[in-house]
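Below is one structure, written out as structure tokens; the observations come after it.
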Protein chains: 2
Amino acid sequence: MSKIKVSIKDIAQKAGVSTALVSYVLNGKEKESRVGQEIALKIKQIAAELNYQPSHLAKSLRSGKTHTIGLIIADISNPFFANIARVVEDEAKRNGYTVIIGSSDENADKSRDLLDVLINRQVDGFIIVSSENSEQQIHNLKDKNIPFVLLDRYFPEIPTDFVSTDHYKASYDAGTHLVRNGYKRIGMIAYDSHLFHMQERIRGYRDSLRDNKIDYQNSWLKPVKINNIENGVKASIDDMLASDQPVDAILFATYSLAVSGLKHINLLRLKVPEDLGIVSFGQAEVFELYYCPITYLKQPIVLLGQTAVELLVKKLTNNLNEPAQILMKAELIERASSKTKYSVSA
Amino acid sequence: MSKIKVSIKDIAQKAGVSTALVSYVLNGKEKESRVGQEIALKIKQIAAELNYQPSHLAKSLRSGKTHTIGLIIADISNPFFANIARVVEDEAKRNGYTVIIGSSDENADKSRDLLDVLINRQVDGFIIVSSENSEQQIHNLKDKNIPFVLLDRYFPEIPTDFVSTDHYKASYDAGTHLVRNGYKRIGMIAYDSHLFHMQERIRGYRDSLRDNKIDYQNSWLKPVKINNIENGVKASIDDMLASDQPVDAILFATYSLAVSGLKHINLLRLKVPEDLGIVSFGQAEVFELYYCPITYLKQPIVLLGQTAVELLVKKLTNNLNEPAQILMKAELIERASSKTKYSVSA
DNA sequence: ATAGTTTGCTTAATCGTTTAAGCGGAGGTT
DNA sequence: AACCTCCGCTTAAACGATTAAGCAAACTAT
């Protein structure tokens, strides 16, 4: 019934003053702008009465700030990213920001499109989980002076702010854990990706073997194409087991790889951990409800998300510009899938 | 280096014309607005050269359309909603819309806040998975003439557009399936909620028992408070098993309930399906990787999401206003957790 | 030649805000 | 009385686009 949308103009009219006064009052600038007490009160009353809601659009157009954050992730339907997204959403809201989420599918082209769309929607800044080959996009953002924080992944050769897990250490810990528990031939299934976090996970694995005097075999490390996980994992596992040095444990570099892997391991009727020890990155119910609960590397998702938002918001407000590069520790949650092999003396 | 943002004005200046002309040309209105061929070409070239990107804000302010959809779900970190969100995101993008997702945590207050924030951000319309006690909000949207489509849940007493699974039938099918497979005392764990979809799931369960001549016991139906799932489920299961008519199968009304339930069932060292048959709503890897894969009701997530977007977009454009109320079938995916009990003759 | 039409462009209002600048009038100072 | 300072308010430009209306010049028709 009532007017579609109440504007500052309507209030001004009803109060018999100019829109400027209304704006001052409604923005709490009554003192600085020397607004009369009575009229200020009157304006506030009318605003309340008409249930005035300022137009974000108009504000944004004027101020150049939309109070919107773009969050670029690989895929919102992946639990890791969904959880991150939730944390970011909540933390952003606490700070008065709205989040627009975009899924890049680990694809640089889609990622660029998303960035374009969102830049063009004038988001104030980005939180980005980078895709492979997206270095140029990062450079562009820097050139255009668009604030952003990289999350979970970063490019060591590009100086940027980032918040990430210490992937190297996590992986190193996982490898060491397996060795300590008596596994001798430890394989790793990772993404076939140049992304630094993946390389770090691989490096951590390799170093853990080296430091534990295990003679690494090339056939133990299997890179899987990201767009054909199911088959890639299957083939990798078959291969690892068929070699003359068959693995007795597998470290999965991501949750998705582990899910595919566990499916195949079930089909092969292998027993975890007797036939095959398992450790995986990521966390999810699957790992708890598997017949043999899975040992996993728990990333500090809440802290990662919160810190990323906090950092970005700081950049957007204080224009705090000392670079922030934060690495957080993953926690190894020991469950049954990597239990000590009693066949081996400690 | 270059100017922060290229506007229509910059182009006009460089071309030596008014902004109006530029606007006409860039919107393909050259013909209707009788713009000269040469100058049109020139404007296009300059626009390309300067890499002009129109300001969404300005456009929106003028047109009143933001080409943004608000998606209200319970929780983005729940796989069901994450998947829905992904579908909606993709489908919306295909239609030139951007999605802002908000998690209500099944809480009417949060839901109202979200709606307010997003209305105020001038989203063009909503896709909503309603929370309990949010009827008033739906009425408000109708009163304010804000287009929306309800997803997955709806209020039978409020005439609205919606896209939903046929929860009654799904549940009925699940119950019948269990009976047919020889289970005699079938319990159900549901949310303690008045939401119609939950009541329908319960009704379907009860009717399936009735129609199959099973003497329903009140102690078999357990409503669990949504904010204390873990303990609620635990107590419910304990109770169901302790009664003088202990259940031999459980139907879980949601994925989250099932996850909690399976955890507890593991702790109790009950064997599925020998000690307890299981069917659950929802789908996720858990159900496939559980030692005994879980029979589940697969909701047509992709279709649900796509249809919701399609409907909303139609409302936003054609202002198509014949009401659309769509029910879709869930598919019962039979796995080992509800296998025929051979102890019982068929 | 005169009136009418078409062509090619400009002007200016508008969307809803913010905010620098300005302008009378009241009061104070000398 | 002349000047200055505050006070309380208004004016108007700006953000970046869209679009109805208008205007001059060129062309068409009679």
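Identifiers for the structure tokens are assigned positionally: chains receive A, B, ... in sequence, residues are indexed from 1 per chain, and ligands are indexed from 1 in the order shown.
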
Sorted by chain and rising residue number, list the residues of chain B at most 8 Å from chain C (counting only C-alpha atoms (C1' of nucleotides)), each with its closest atom pair and distance in Å to one decimal, as a tab-separated table.
```
residue	atom	partner	partner_atom	distance
B:Ser18	CA	C:DT10	C1'	6.6
B:Leu21	CA	C:DC9	C1'	7.8
B:Arg34	CA	C:DG8	C1'	6.6
B:Val35	CA	C:DG8	C1'	6.1
B:Gly36	CA	C:DG8	C1'	6.3
B:Leu61	CA	C:DC15	C1'	5.2
B:Arg62	CA	C:DC15	C1'	4.4
B:Ser63	CA	C:DC15	C1'	7.5
B:Gly64	CA	C:DC15	C1'	7.9
```

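Residue-level contacts from chain D to chain A at 9 Å, counting only C-alpha atoms (C1' of nucleotides), read DC7, DG8, DC9, DT10, DA14, DC15 and DG16 of chain D.
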
ask   = What residues in chain B lie within 9 Å of chain A, counting only C-alpha atoms, written as a PyMOL selection string?
value = chain B and resi 1-2+4+53-58+60-61+75-86+89-90+98-103+117-118+120-122+143-144+259+262-263+266+284-292

task = Determine which residues of range 26-255 of chain B DSSP labels as helix (DSSP H, G or I) from the backbone of this structure, then write them out as a PyMOL selection string.
result = chain B and resi 26+37-49+56-63+79-94+108-120+135-144+167-180+196-211+218-220+229-242+255

query = Which residues come within 7 Å of Tyr52 in chain B, counting only C-alpha atoms (C1' of nucleotides), excluding same-chain residues fewer than 3 positions away, as an NGL selection string?
reply = :B and (6-7 or 47-48)

Residue list (strand (DSSP E or B), DSSP) for range 15-246 of chain A, as a ChimeraX atom specification = /A:68-73,98-103,125-128,148-151,162-165,186-191,221-224
